[in-house]
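The next block holds one structure in the form of structure tokens; read it before the comments.
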Amino acid sequence: MATTNWTIDPTHSEIGFKVKHMMFTNVSGKFNEYEASIATEDDNFENANIEFSANIDSISTNNTDRDNHLKSGDFFDAENFPKLTFKATSLTKKGEDYEIAGDLSLRGVTKSVTLPAEFSGLMKDPWGNTKAGLNISGKINRKDWGLNWNSALETGGVLVGEDVKLNIELQLVKL
């Protein structure tokens, strides 16, 4: 089989996340600068080779003070660890959808994760490009990667939740 290479279409993709704030609402954020190398056997995404990285300095939660705090040593420590990376170890078909497993590295710590992925199929855009859609979701515990900062609330509980919900919408372009 022939190898097919893909790249992320950044104008139609988003690397997003949500974290509980004050134990009852979510704060959303995203990374604005990222890149990926994706290789498949023809157009078959099962067992695809996927490598991804995002620039920590590109984090955006629509609040400059919060973004700067997230980049600081309290959280991502962007000065010493400027990128988060993910290298897939498998992409396995599970019924109609997929399960993606791999090594996620944040703040110098690498942990294996397995996340559900929905494959939307292939389509030609109006300019003749072959596109593929992939939605990756799930959640991770930020403390597993050493993102431990928090602040106790006077009413009980903490300011920042431990679970990070991932919502990654990818539109891929066949090279």
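Ordered as shown in the structure tokens, chains take letters A, B, and onward, while each chain numbers its residues from 1 and ligands are numbered from 1 in the order shown.
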Check which residues of range 65-137 of chain A sit at most 6 Å from range 44-60 of chain A using only C-alpha atoms, and return one row each with the closest pair of atoms and their distance in Å to one decimal, ordered by chain and rising number, as a Markdown table.
| residue | atom | partner | partner_atom | distance |
| --- | --- | --- | --- | --- |
| A:Asp67 | CA | A:Ser60 | CA | 6.0 |
| A:Ala78 | CA | A:Ile56 | CA | 5.8 |
| A:Pro82 | CA | A:Ile56 | CA | 5.4 |
| A:Lys83 | CA | A:Asn55 | CA | 4.7 |
| A:Leu84 | CA | A:Ala54 | CA | 5.4 |
| A:Thr85 | CA | A:Ser53 | CA | 4.3 |
| A:Phe86 | CA | A:Phe52 | CA | 5.1 |
| A:Lys87 | CA | A:Glu51 | CA | 4.5 |
| A:Ala88 | CA | A:Ile50 | CA | 5.3 |
| A:Ser90 | CA | A:Asn47 | CA | 5.4 |
| A:Leu91 | CA | A:Asn47 | CA | 4.8 |
| A:Thr92 | CA | A:Glu46 | CA | 5.5 |
DSSP strand (DSSP E or B) residues within range 16-107 of chain A, listed as an NGL selection string: :A and (16-21 or 25-31 or 34-41 or 44-55 or 59-60 or 83-94 or 97-106)
Counting only C-alpha atoms, which residues of range 75-164 of chain A sit at most 12 Å from some atom of range 19-22 of chain A, and what is each one's closest atom pair with its distance in Å to one decimal, listed by chain and rising residue number, as a tab-separated table?
residue	atom	partner	partner_atom	distance
A:Lys139	CA	A:Val19	CA	9.8
A:Ile140	CA	A:Val19	CA	10.3
A:Asn141	CA	A:Val19	CA	10.1
A:Arg142	CA	A:Val19	CA	9.6
A:Asn150	CA	A:Met22	CA	10.4
A:Ser151	CA	A:Met22	CA	9.5
A:Ala152	CA	A:Met22	CA	9.3
A:Leu153	CA	A:Met22	CA	7.6
A:Glu154	CA	A:Met22	CA	10.6
A:Thr155	CA	A:Met22	CA	9.8
A:Gly156	CA	A:Met22	CA	9.5
A:Gly157	CA	A:Met22	CA	7.4
A:Val158	CA	A:Met22	CA	6.1
A:Leu159	CA	A:Met22	CA	4.4
A:Val160	CA	A:His21	CA	5.0
A:Gly161	CA	A:Lys20	CA	4.7
A:Glu162	CA	A:Val19	CA	7.5
A:Asp163	CA	A:Val19	CA	6.5
A:Val164	CA	A:Val19	CA	5.1
Mind writing the picked residues with C-alpha atoms as a tab-separated table (two decimals), in the first residue's frame?
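Final file, out_27.tsv:
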chain	number	residue	atom	x	y	z
A	139	LYS	CA	-10.30	13.99	29.58
A	140	ILE	CA	-7.01	13.92	31.42
A	141	ASN	CA	-6.03	14.85	34.97
A	142	ARG	CA	-3.67	17.83	34.82
A	150	ASN	CA	-4.50	25.61	42.91
A	151	SER	CA	-6.09	27.95	45.42
A	152	ALA	CA	-8.58	27.04	48.14
A	153	LEU	CA	-11.92	28.84	48.13
A	154	GLU	CA	-13.36	30.36	51.32
A	155	THR	CA	-16.61	28.47	50.70
A	156	GLY	CA	-14.79	25.14	50.28
A	157	GLY	CA	-13.39	23.51	47.20
A	158	VAL	CA	-10.69	24.83	44.89
A	159	LEU	CA	-10.35	27.43	42.17
A	160	VAL	CA	-9.21	25.11	39.34
A	161	GLY	CA	-10.53	21.62	38.63
A	162	GLU	CA	-8.16	18.71	38.10
A	163	ASP	CA	-9.89	17.22	35.05
A	164	VAL	CA	-9.20	18.78	31.66
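Note that the spacing between CA of Ser13 in chain A and CA of Glu41 in chain A amounts to 22.6 Å.
Between Gly128 in chain A and the candidates A:Val27, A:Val173, A:Asn68, A:Thr3, the tightest atom-to-atom separation, counting only C-alpha atoms, involves A:Val173.
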Return the single residue from A:Tyr98, A:Ala132, A:Glu14, A:Gly146 that is closest to Thr110 in chain A, with distances computed using only C-alpha atoms. A:Gly146
Neighbouring residues of Leu115 in chain A were defined as those with any atom within 12 Å, considering only C-alpha atoms; residues of the same chain fewer than 3 positions away were excluded. Please report them as a ChimeraX atom specification. /A:86,88-92,94,97-104,112,118,135-140,165-168
Spatial neighbours of Gln171 in chain A, 8 Å, only C-alpha atoms, chain gap at least 2 places, as a CSV table (one decimal) with all heavy atoms, in the first residue's frame:
chain,number,residue,atom,x,y,z
A,8,ILE,N,-2.7,19.4,9.0
A,8,ILE,CA,-3.9,20.0,9.6
A,8,ILE,C,-4.2,21.3,8.9
A,8,ILE,O,-3.3,22.1,8.6
A,8,ILE,CB,-3.6,20.3,11.1
A,8,ILE,CG1,-3.4,19.1,11.9
A,8,ILE,CG2,-4.8,21.2,11.7
A,8,ILE,CD1,-3.1,19.3,13.4
A,9,ASP,N,-5.5,21.5,8.5
A,9,ASP,CA,-5.9,22.7,8.0
A,9,ASP,C,-6.2,23.6,9.2
A,9,ASP,O,-7.3,23.5,9.8
A,9,ASP,CB,-7.2,22.5,7.2
A,9,ASP,CG,-7.8,23.8,6.6
A,9,ASP,OD1,-7.4,24.9,7.0
A,9,ASP,OD2,-8.7,23.7,5.7
A,10,PRO,N,-5.4,24.6,9.5
A,10,PRO,CA,-5.5,25.4,10.7
A,10,PRO,C,-6.7,26.3,10.7
A,10,PRO,O,-7.2,26.7,11.7
A,10,PRO,CB,-4.2,26.2,10.8
A,10,PRO,CG,-3.7,26.3,9.4
A,10,PRO,CD,-4.2,25.0,8.8
A,12,HIS,N,-9.7,25.5,9.8
A,12,HIS,CA,-10.9,24.7,10.0
A,12,HIS,C,-10.6,23.7,11.2
A,12,HIS,O,-11.3,22.6,11.2
A,12,HIS,CB,-11.3,23.9,8.8
A,12,HIS,CG,-11.7,24.9,7.7
A,12,HIS,ND1,-10.9,25.1,6.6
A,12,HIS,CD2,-12.8,25.7,7.5
A,12,HIS,CE1,-11.5,26.0,5.8
A,12,HIS,NE2,-12.6,26.4,6.3
A,13,SER,N,-9.7,24.0,12.0
A,13,SER,CA,-9.4,23.0,13.1
A,13,SER,C,-9.3,23.8,14.4
A,13,SER,O,-9.0,25.0,14.4
A,13,SER,CB,-8.1,22.3,12.9
A,13,SER,OG,-8.1,21.6,11.7
A,131,LYS,N,-10.1,16.1,1.9
A,131,LYS,CA,-10.1,16.5,3.3
A,131,LYS,C,-10.6,15.3,4.2
A,131,LYS,O,-11.4,14.4,3.7
A,131,LYS,CB,-11.0,17.6,3.6
A,131,LYS,CG,-10.7,18.9,2.8
A,131,LYS,CD,-9.6,19.7,3.6
A,131,LYS,CE,-9.4,21.1,3.0
A,131,LYS,NZ,-9.9,22.2,3.7
A,132,ALA,N,-10.2,15.2,5.4
A,132,ALA,CA,-10.7,14.2,6.4
A,132,ALA,C,-11.0,14.9,7.6
A,132,ALA,O,-10.3,15.9,8.0
A,132,ALA,CB,-9.6,13.1,6.6
A,133,GLY,N,-12.0,14.5,8.3
A,133,GLY,CA,-12.4,15.1,9.6
A,133,GLY,C,-12.2,14.1,10.8
A,133,GLY,O,-12.5,12.9,10.7
A,134,LEU,N,-11.7,14.6,11.8
A,134,LEU,CA,-11.4,13.8,13.0
A,134,LEU,C,-11.7,14.7,14.3
A,134,LEU,O,-11.2,15.8,14.4
A,134,LEU,CB,-9.9,13.4,13.0
A,134,LEU,CG,-9.5,12.3,14.0
A,134,LEU,CD1,-10.2,11.0,13.7
A,134,LEU,CD2,-8.0,12.1,13.8
A,169,GLU,N,-10.9,19.3,17.3
A,169,GLU,CA,-11.6,19.2,16.0
A,169,GLU,C,-10.5,19.4,14.9
A,169,GLU,O,-9.9,20.5,14.8
A,169,GLU,CB,-12.6,20.3,15.8
A,169,GLU,CG,-13.8,20.2,16.8
A,169,GLU,CD,-14.8,19.2,16.3
A,169,GLU,OE1,-14.8,18.7,15.2
A,169,GLU,OE2,-15.7,18.8,17.1
A,173,VAL,N,-5.8,17.8,5.5
A,173,VAL,CA,-5.7,18.0,4.1
A,173,VAL,C,-4.7,17.0,3.6
A,173,VAL,O,-3.5,16.9,4.1
A,173,VAL,CB,-5.2,19.4,3.7
A,173,VAL,CG1,-5.1,19.6,2.2
A,173,VAL,CG2,-6.1,20.5,4.4
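Rounded to one decimal, CA of Asp74 in chain A and CA of Trp149 in chain A lie 5.5 Å from each other.
All residues of chain A that DSSP, run on the backbone, classes as helix (DSSP H, G or I) are Pro10, Thr11, His12, Ile56, Asp57, Ser58, Thr64, Asp65, Arg66, Asp67, Asn68, His69, Leu70, Lys71, Arg142, Lys143, Asp144 and Trp145 of chain A.
Minimum atom-to-atom distances from A:Thr114, A:Thr11, A:Asn80, A:Ser120 to Glu96 in chain A were compared using only C-alpha atoms, and the lowest value belongs to A:Ser120.
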Would you list the contacts of Gly95 in chain A as a PyMOL selection string, taking every protein, DNA or RNA residue within 12 Å and counting only C-alpha atoms, but skipping same-chain residues closer than 6 positions in sequence? chain A and resi 116-119
Residue selection dump (N, CA and C atoms) as a short mmCIF file (atom, residue, chain, number, x, y, z; two decimals), in the first residue's frame:
data_model
loop_
_atom_site.label_atom_id
_atom_site.label_comp_id
_atom_site.auth_asym_id
_atom_site.auth_seq_id
_atom_site.Cartn_x
_atom_site.Cartn_y
_atom_site.Cartn_z
N PRO A 116 -11.15 8.64 22.86
CA PRO A 116 -12.06 8.31 21.77
C PRO A 116 -11.90 9.32 20.63
N ALA A 117 -12.02 8.81 19.41
CA ALA A 117 -11.90 9.66 18.22
C ALA A 117 -13.02 9.31 17.25
N GLU A 118 -13.64 10.33 16.73
CA GLU A 118 -14.71 10.15 15.75
C GLU A 118 -14.16 10.54 14.38
N PHE A 119 -14.19 9.62 13.45
CA PHE A 119 -13.73 9.88 12.09
C PHE A 119 -14.94 10.26 11.25
#
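Taking CA of Asp77 in chain A and CA of Asp144 in chain A as endpoints, the distance between them is 15.1 Å.
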From the list A:Leu172, A:Ile15, A:Ala2, A:Ala39, the nearest residue to Lys124 in chain A using only C-alpha atoms is A:Leu172
Counting only C-alpha atoms, closest pick from A:Leu70, A:Val109, A:Leu147, A:Leu122 relative to Asp42 in chain A is A:Leu122
